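Asker: What follows is a structure written as structure tokens; I'll ask about it next.
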Amino acid sequence: NVKGRGLAMVEDRILEFQTALAIKAEDDFSRGRDLETLSMNMRENWNGKMARRIPEIPQNPTLDLLKEDERYIQALQEKDLLPIGYNHEDASIYSMSLGNNYCISILGKSRSGKTNILKIILEDALRKEADIAIVERDTSGYQRFQKTAEENGCAYLTNSAQLFAYFEKILPEFARRNKIKRGMMEKGAEDEEIIARMEQEKPIFILIDHMKDFLEMVYHKDSNVGVMSGFLENITEKGIMHNIYFVGCIQQDDVNSLMSYRVYNNFVSYKKGIFIGGQISSQKLFNFQGIPFSEQNRNLKKGLGIVTDDNEEGNGIEIVIPLVK
């Protein structure tokens with residue numbers, strides 16, 4: 001019954017110890033006040049590396065705050081990871097595993113935050129020094145990605161002619177990587193070995209701001225533009241494990257009208273991506289059967305999303321998505 005006295009396990013022995021007082025003071029209250037002052041002075045004058053904070057999700061999370069997080073920086077250094085937000089349960093950084101992805105769907109209703117997620121993935125791709133193409137049809141007179149694309153040397157595709165020219169240009173690269181993949185498969189290589197080999201190639205991201213516009217550019221092209229639907233049907237079906245990724249925003253109200261397009265059906269057949277906005281039970285694209293029925297009918301708050309997990313159980317993971325300003 002002595003203040004500061006305790007027991008500690010040291011190797012195989014239990015030892016009694018006495019805690020030293022950090023600083024001299026008249027009483028515990030004064031000591032706590034003086035320690036707080038000392039700590040604040042140290043913080044203000046320290047220019048070195050800080051101790052890791054207890055994980056927490058900022059009250060108003062933004063991409064700028066996420067980019068300052070050491071865990072985000074570490075995740076980006078991994079070739080396989082694409083950090084996009086915070087795990088709502090434990091405040092860890094949630095990262096998509098690129099090795100398990102190819103066609104990534106961002107599904108939600110109008111104005112639910114799909115484009116915001118696309119901007120986060122664009123930022124990640126830029127930091128990974130990837131080759132990037134952004135598909136954004138000029139239907140409203142306001143093009144959200146044009147300035148960023150021009151400043152960072154991204155291919156910026158707004159019509160079927162530009163889209164055809166891009167895929168015509170990328171076809172030889174697809175073919176070269178596919179030859180490597182096919183050769184490894186013929187030798188009996190496992191998927192993990194193929195993915196590790198492809199990570200040596202420069203990543204390529206094709207970001208689609210509006211899936212319906214993209215498919216209309218592919219299938220209802222201008223009369224003077226060559227046919228590209230066959231190529232896209234082929235690569236969306238067989239192009240996995242090339243270190244090339246499609247990311248597409250899908251408006252929930254468009255789903256029924258898009259099901260007649262083979263490219264769309266190939267795209268969503270991977271059942272990988274993020275659902276944001278309304279009730280989980282209202283969508284059929286992702287497998288969330290592991291989520292309790294009582295949870296499937298609730299609306300998600302703005303800034304929350306459910307990502308497909310990497311197993312077959314369909315549990316999903318709830319994440320907090322930072323705002324891109």
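Labels for the structure tokens follow display order: chains A, B, ..., residues from 1 in each chain, ligands from 1.
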Tell me, as a list in words, which residues lie within 12 Å of Arg197 of chain A, counting only C-alpha atoms; anything in the same chain fewer than 2 positions away does not count.

Answerer: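 Skipping anything fewer than 2 positions along the chain leaves Lys79, Asp80, Gly99, Arg177, Asn178, Ile180, Lys181, Gly183, Met184, Met185, Ala189, Glu190, Asp191, Glu192, Glu193, Ile194, Ile195, Glu199, Gln200, Glu201, Lys202, Met241, His242 and Asn243 of chain A.
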
Asker: Taking only C-alpha atoms into account, produce a table as a tab-separated table in which each residue of segment 166-223 of chain A with an atom at most 12 Å from an atom of segment 265-277 of chain A appears once, together with its shortest atom pair and the distance in Å to one decimal, ordered by chain and rising number.

Answerer:
residue	atom	partner	partner_atom	distance
A:Ile208	CA	A:Phe267	CA	11.8
A:Met211	CA	A:Phe267	CA	10.1
A:Leu215	CA	A:Phe267	CA	11.2

Asker: Enumerate, in order of chain and increasing residue number, the residues of segment 121-180 of chain A with an atom no farther than 10 Å from segment 245-249 of chain A, each with its shortest atom pair and distance in Å to one decimal, counting only C-alpha atoms, as JSON lines.

Answerer:
{"residue": "A:Ile121", "atom": "CA", "partner": "A:Val247", "partner_atom": "CA", "distance": 8.6}
{"residue": "A:Leu122", "atom": "CA", "partner": "A:Val247", "partner_atom": "CA", "distance": 9.7}
{"residue": "A:Ile132", "atom": "CA", "partner": "A:Tyr245", "partner_atom": "CA", "distance": 9.7}
{"residue": "A:Ala133", "atom": "CA", "partner": "A:Phe246", "partner_atom": "CA", "distance": 9.6}
{"residue": "A:Ile134", "atom": "CA", "partner": "A:Val247", "partner_atom": "CA", "distance": 9.7}
{"residue": "A:Val135", "atom": "CA", "partner": "A:Gly248", "partner_atom": "CA", "distance": 9.3}

Asker: Using N, CA, C and O atoms, can you export the residues from the last selection as a PDB file, in the first residue's frame?

Answerer:
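The resulting file, again_5.pdb, is shown below:
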ATOM      1  N   ILE A 121      -8.439   8.226 -55.380  1.00  0.00           N
ATOM      2  CA  ILE A 121      -7.690   7.204 -56.113  1.00  0.00           C
ATOM      3  C   ILE A 121      -6.753   7.862 -57.127  1.00  0.00           C
ATOM      4  O   ILE A 121      -5.623   7.399 -57.337  1.00  0.00           O
ATOM      5  N   LEU A 122      -7.192   8.956 -57.740  1.00  0.00           N
ATOM      6  CA  LEU A 122      -6.326   9.705 -58.662  1.00  0.00           C
ATOM      7  C   LEU A 122      -5.093  10.212 -57.927  1.00  0.00           C
ATOM      8  O   LEU A 122      -3.964  10.092 -58.427  1.00  0.00           O
ATOM      9  N   ILE A 132      -1.778   7.526 -66.182  1.00  0.00           N
ATOM     10  CA  ILE A 132      -3.187   7.705 -65.835  1.00  0.00           C
ATOM     11  C   ILE A 132      -3.968   8.259 -67.025  1.00  0.00           C
ATOM     12  O   ILE A 132      -3.507   9.181 -67.708  1.00  0.00           O
ATOM     13  N   ALA A 133      -5.134   7.677 -67.251  1.00  0.00           N
ATOM     14  CA  ALA A 133      -6.088   8.219 -68.223  1.00  0.00           C
ATOM     15  C   ALA A 133      -7.385   8.514 -67.480  1.00  0.00           C
ATOM     16  O   ALA A 133      -7.851   7.693 -66.678  1.00  0.00           O
ATOM     17  N   ILE A 134      -7.950   9.688 -67.739  1.00  0.00           N
ATOM     18  CA  ILE A 134      -9.204  10.082 -67.093  1.00  0.00           C
ATOM     19  C   ILE A 134     -10.261  10.256 -68.175  1.00  0.00           C
ATOM     20  O   ILE A 134     -10.071  11.007 -69.134  1.00  0.00           O
ATOM     21  N   VAL A 135     -11.370   9.530 -68.018  1.00  0.00           N
ATOM     22  CA  VAL A 135     -12.472   9.610 -68.976  1.00  0.00           C
ATOM     23  C   VAL A 135     -13.578  10.451 -68.354  1.00  0.00           C
ATOM     24  O   VAL A 135     -14.168  10.071 -67.341  1.00  0.00           O
TER      25      VAL A 135
END

Asker: To test your reading of the structure, identify every residue in segment 99-231 of chain A that backbone DSSP assigns to strand (DSSP E or B), and report it as a PyMOL selection string.

Answerer: chain A and resi 103-108+131-135+155-157+204-208

Asker: So that I can see what lies close to Ile117 of chain A, please list as a short mmCIF file (atom, residue, chain, number, x, y, z; two decimals) with N, CA and C atoms, in the first residue's frame the residues with an atom at most 10 Å from it, counting only C-alpha atoms and leaving out residues fewer than 5 positions away in the same chain.

Answerer:
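Listing of result_26.cif after writing:
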data_model
loop_
_atom_site.label_atom_id
_atom_site.label_comp_id
_atom_site.auth_asym_id
_atom_site.auth_seq_id
_atom_site.Cartn_x
_atom_site.Cartn_y
_atom_site.Cartn_z
N ILE A 84 -7.45 4.63 -49.15
CA ILE A 84 -8.57 5.48 -49.57
C ILE A 84 -9.36 6.08 -48.41
N GLY A 85 -9.06 5.70 -47.17
CA GLY A 85 -9.83 6.26 -46.06
C GLY A 85 -9.50 5.58 -44.75
N ILE A 106 -17.36 1.96 -58.24
CA ILE A 106 -17.78 2.89 -57.19
C ILE A 106 -19.26 3.14 -57.42
N LEU A 122 -7.19 8.96 -57.74
CA LEU A 122 -6.33 9.71 -58.66
C LEU A 122 -5.09 10.21 -57.93
N GLU A 123 -5.28 10.76 -56.74
CA GLU A 123 -4.14 11.26 -55.94
C GLU A 123 -3.18 10.12 -55.62
N CYS A 249 -17.10 5.04 -61.86
CA CYS A 249 -18.23 5.49 -61.05
C CYS A 249 -19.53 5.07 -61.74
N ILE A 274 -16.65 -0.15 -54.00
CA ILE A 274 -17.18 0.60 -52.86
C ILE A 274 -18.64 0.95 -53.13
N ILE A 276 -21.65 3.45 -51.67
CA ILE A 276 -21.87 4.60 -50.79
C ILE A 276 -23.33 5.05 -50.90
N GLY A 303 -20.18 10.45 -46.43
CA GLY A 303 -18.78 10.24 -46.07
C GLY A 303 -18.48 8.83 -45.61
N GLY A 305 -18.76 4.62 -46.46
CA GLY A 305 -18.90 3.68 -47.56
C GLY A 305 -18.67 2.26 -47.07
N ILE A 321 -14.64 8.10 -45.62
CA ILE A 321 -13.98 8.60 -46.82
C ILE A 321 -13.69 10.09 -46.65
N PRO A 322 -12.42 10.49 -46.69
CA PRO A 322 -12.09 11.91 -46.51
C PRO A 322 -12.55 12.75 -47.71
N LEU A 323 -12.80 14.00 -47.44
CA LEU A 323 -13.25 14.92 -48.48
C LEU A 323 -12.06 15.53 -49.19
N VAL A 324 -12.11 15.55 -50.51
CA VAL A 324 -11.06 16.19 -51.30
C VAL A 324 -11.47 17.64 -51.52
#

Asker: Just want the 10 Å neighbourhood of segment 169-171 of chain A, counted on only C-alpha atoms, with same-chain residues fewer than 4 positions away dropped. Output as a PyMOL selection string.

Answerer: chain A and resi 163-165+175-176+204+231+235

Asker: Could you write out that same residue set with N, CA and C atoms as a compact mmCIF listing (two decimals), in the first residue's frame?

Answerer:
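out25.txt was written with the following content:
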# COMPACT_ATOMS: atom_id res chain seq x y z
N LEU A 163 -10.97 8.51 -76.99
CA LEU A 163 -10.97 7.22 -76.32
C LEU A 163 -10.40 6.13 -77.22
N PHE A 164 -10.80 6.13 -78.49
CA PHE A 164 -10.30 5.14 -79.45
C PHE A 164 -8.79 5.29 -79.63
N ALA A 165 -8.32 6.53 -79.76
CA ALA A 165 -6.89 6.77 -79.95
C ALA A 165 -6.10 6.29 -78.74
N ALA A 175 -0.70 -6.16 -74.87
CA ALA A 175 -0.24 -7.39 -75.52
C ALA A 175 1.11 -7.84 -74.96
N ARG A 176 2.02 -6.88 -74.73
CA ARG A 176 3.34 -7.23 -74.20
C ARG A 176 3.23 -7.83 -72.80
N ILE A 204 -0.84 1.29 -64.51
CA ILE A 204 -1.67 2.09 -65.41
C ILE A 204 -3.08 2.14 -64.81
N PHE A 231 -12.36 -4.88 -78.42
CA PHE A 231 -11.13 -4.82 -77.63
C PHE A 231 -11.45 -4.66 -76.15
N ILE A 235 -10.56 -7.16 -72.99
CA ILE A 235 -9.64 -6.85 -71.89
C ILE A 235 -10.36 -6.73 -70.55

Asker: I'd like the neighbourhood of Leu21 of chain A as JSON, numbers by chain, where a residue qualifies if any of its atoms comes within 12 Å (using only C-alpha atoms), though same-chain residues fewer than 4 positions away should be ignored.

Answerer: {"A": [3, 4, 5, 25, 26, 27, 28, 31, 32, 35]}

Asker: Hey, can you spit out that residue selection with all heavy atoms as a PDB file, in the first residue's frame?

Answerer:
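File out_20.pdb, as written:
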ATOM      1  N   LYS A   3       2.285   4.373  -2.569  1.00  0.00           N
ATOM      2  CA  LYS A   3       2.077   5.012  -3.870  1.00  0.00           C
ATOM      3  C   LYS A   3       3.242   4.732  -4.802  1.00  0.00           C
ATOM      4  O   LYS A   3       4.401   4.863  -4.409  1.00  0.00           O
ATOM      5  CB  LYS A   3       1.934   6.528  -3.703  1.00  0.00           C
ATOM      6  CG  LYS A   3       0.548   6.969  -3.299  1.00  0.00           C
ATOM      7  CD  LYS A   3       0.435   8.493  -3.388  1.00  0.00           C
ATOM      8  CE  LYS A   3      -0.991   8.921  -3.106  1.00  0.00           C
ATOM      9  NZ  LYS A   3      -1.148  10.390  -3.249  1.00  0.00           N
ATOM     10  N   GLY A   4       2.938   4.365  -6.025  1.00  0.00           N
ATOM     11  CA  GLY A   4       3.973   4.125  -7.010  1.00  0.00           C
ATOM     12  C   GLY A   4       4.601   2.748  -6.937  1.00  0.00           C
ATOM     13  O   GLY A   4       5.491   2.419  -7.707  1.00  0.00           O
ATOM     14  N   ARG A   5       4.156   1.907  -5.957  1.00  0.00           N
ATOM     15  CA  ARG A   5       4.723   0.573  -5.795  1.00  0.00           C
ATOM     16  C   ARG A   5       3.949  -0.402  -6.672  1.00  0.00           C
ATOM     17  O   ARG A   5       2.731  -0.312  -6.808  1.00  0.00           O
ATOM     18  CB  ARG A   5       4.641   0.151  -4.313  1.00  0.00           C
ATOM     19  CG  ARG A   5       5.349  -1.139  -3.963  1.00  0.00           C
ATOM     20  CD  ARG A   5       6.856  -1.018  -4.049  1.00  0.00           C
ATOM     21  NE  ARG A   5       7.404   0.059  -3.235  1.00  0.00           N
ATOM     22  CZ  ARG A   5       7.735  -0.052  -1.950  1.00  0.00           C
ATOM     23  NH1 ARG A   5       7.539  -1.184  -1.312  1.00  0.00           N
ATOM     24  NH2 ARG A   5       8.261   0.969  -1.312  1.00  0.00           N
ATOM     25  N   ALA A  25       7.402  18.469  -6.941  1.00  0.00           N
ATOM     26  CA  ALA A  25       6.253  19.369  -6.822  1.00  0.00           C
ATOM     27  C   ALA A  25       5.664  19.224  -5.430  1.00  0.00           C
ATOM     28  O   ALA A  25       5.918  18.238  -4.720  1.00  0.00           O
ATOM     29  CB  ALA A  25       5.209  19.037  -7.883  1.00  0.00           C
ATOM     30  N   GLU A  26       4.861  20.214  -5.040  1.00  0.00           N
ATOM     31  CA  GLU A  26       4.291  20.206  -3.704  1.00  0.00           C
ATOM     32  C   GLU A  26       3.240  19.113  -3.537  1.00  0.00           C
ATOM     33  O   GLU A  26       3.104  18.525  -2.467  1.00  0.00           O
ATOM     34  CB  GLU A  26       3.670  21.576  -3.383  1.00  0.00           C
ATOM     35  CG  GLU A  26       4.689  22.697  -3.275  1.00  0.00           C
ATOM     36  CD  GLU A  26       4.035  24.022  -2.914  1.00  0.00           C
ATOM     37  OE1 GLU A  26       2.789  24.031  -2.743  1.00  0.00           O
ATOM     38  OE2 GLU A  26       4.753  25.021  -2.810  1.00  0.00           O
ATOM     39  N   ASP A  27       2.443  18.862  -4.624  1.00  0.00           N
ATOM     40  CA  ASP A  27       1.389  17.854  -4.538  1.00  0.00           C
ATOM     41  C   ASP A  27       1.101  17.314  -5.948  1.00  0.00           C
ATOM     42  O   ASP A  27       1.683  17.773  -6.935  1.00  0.00           O
ATOM     43  CB  ASP A  27       0.112  18.453  -3.915  1.00  0.00           C
ATOM     44  CG  ASP A  27      -0.297  19.761  -4.575  1.00  0.00           C
ATOM     45  OD1 ASP A  27      -0.332  19.803  -5.846  1.00  0.00           O
ATOM     46  OD2 ASP A  27      -0.573  20.739  -3.866  1.00  0.00           O
ATOM     47  N   ASP A  28       0.212  16.332  -6.019  1.00  0.00           N
ATOM     48  CA  ASP A  28      -0.087  15.694  -7.304  1.00  0.00           C
ATOM     49  C   ASP A  28      -0.695  16.677  -8.304  1.00  0.00           C
ATOM     50  O   ASP A  28      -0.412  16.614  -9.507  1.00  0.00           O
ATOM     51  CB  ASP A  28      -1.050  14.512  -7.098  1.00  0.00           C
ATOM     52  CG  ASP A  28      -0.360  13.327  -6.414  1.00  0.00           C
ATOM     53  OD1 ASP A  28       0.892  13.311  -6.418  1.00  0.00           O
ATOM     54  OD2 ASP A  28      -1.060  12.445  -5.904  1.00  0.00           O
ATOM     55  N   ARG A  31       2.036  18.796  -9.698  1.00  0.00           N
ATOM     56  CA  ARG A  31       2.893  17.979 -10.559  1.00  0.00           C
ATOM     57  C   ARG A  31       2.236  17.785 -11.937  1.00  0.00           C
ATOM     58  O   ARG A  31       2.879  17.905 -12.971  1.00  0.00           O
ATOM     59  CB  ARG A  31       3.172  16.632  -9.904  1.00  0.00           C
ATOM     60  CG  ARG A  31       4.120  15.759 -10.713  1.00  0.00           C
ATOM     61  CD  ARG A  31       4.465  14.482  -9.982  1.00  0.00           C
ATOM     62  NE  ARG A  31       5.242  14.755  -8.771  1.00  0.00           N
ATOM     63  CZ  ARG A  31       4.767  14.713  -7.526  1.00  0.00           C
ATOM     64  NH1 ARG A  31       3.496  14.379  -7.319  1.00  0.00           N
ATOM     65  NH2 ARG A  31       5.534  14.997  -6.489  1.00  0.00           N
ATOM     66  N   GLY A  32       0.955  17.498 -11.937  1.00  0.00           N
ATOM     67  CA  GLY A  32       0.245  17.318 -13.203  1.00  0.00           C
ATOM     68  C   GLY A  32       0.243  18.587 -14.043  1.00  0.00           C
ATOM     69  O   GLY A  32       0.460  18.552 -15.257  1.00  0.00           O
ATOM     70  N   LEU A  35       3.808  19.152 -15.390  1.00  0.00           N
ATOM     71  CA  LEU A  35       4.105  18.202 -16.461  1.00  0.00           C
ATOM     72  C   LEU A  35       3.415  18.618 -17.770  1.00  0.00           C
ATOM     73  O   LEU A  35       3.969  18.471 -18.855  1.00  0.00           O
ATOM     74  CB  LEU A  35       3.665  16.786 -16.069  1.00  0.00           C
ATOM     75  CG  LEU A  35       4.602  16.022 -15.137  1.00  0.00           C
ATOM     76  CD1 LEU A  35       3.948  14.740 -14.650  1.00  0.00           C
ATOM     77  CD2 LEU A  35       5.916  15.714 -15.833  1.00  0.00           C
TER      78      LEU A  35
END

Asker: Which is closer to Val218 of chain A than all the others in A:Phe288, A:Trp46, A:Phe167, A:Tyr156, using only C-alpha atoms?

Answerer: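 That would be A:Phe167, the residue with the smallest distance to Val218 of chain A.
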
Asker: Within 12 Å of Glu70 of chain A, counting only C-alpha atoms, which residues show up once you throw out same-chain ones fewer than 2 positions away? Write them as JSON, numbers by chain, please.

Answerer: {"A": [49, 50, 51, 52, 53, 55, 65, 66, 67, 68, 72, 73, 74, 75, 76, 77, 83, 92, 93]}

Asker: Please compute the atom CA of Cys103 of chain A-atom CA of Leu82 of chain A distance, one decimal, in Å.

Answerer: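 Interatomic distance here is 13.8 Å.
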
Asker: Name the residues in contact with Asn299 of chain A at a cut-off of 9 Å, using only C-alpha atoms, excluding same-chain residues fewer than 3 positions from it; report them as a PyMOL selection string.

Answerer: chain A and resi 277-280+295-296

Asker: Write down as a VMD selection string the residues belonging to segment 126-183 of chain A that are assigned alpha helix (DSSP H) by DSSP computed on the backbone.

Answerer: chain A and resid 126 to 127 146 to 152 160 to 183

Asker: Smallest atom-to-atom distance to Lys109 of chain A: which of A:Ile319, A:Cys154, A:Val263, A:Ile250, using only C-alpha atoms?

Answerer: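 Answer, going by the shortest atom-to-atom distance: A:Ile250.
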
Asker: When you draw a straight line from atom CA of Leu157 of chain A to atom CA of Leu98 of chain A, how long is it in Å?

Answerer: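 If I compute the distance from atom CA of Leu157 of chain A to atom CA of Leu98 of chain A, I get 23.7 Å.
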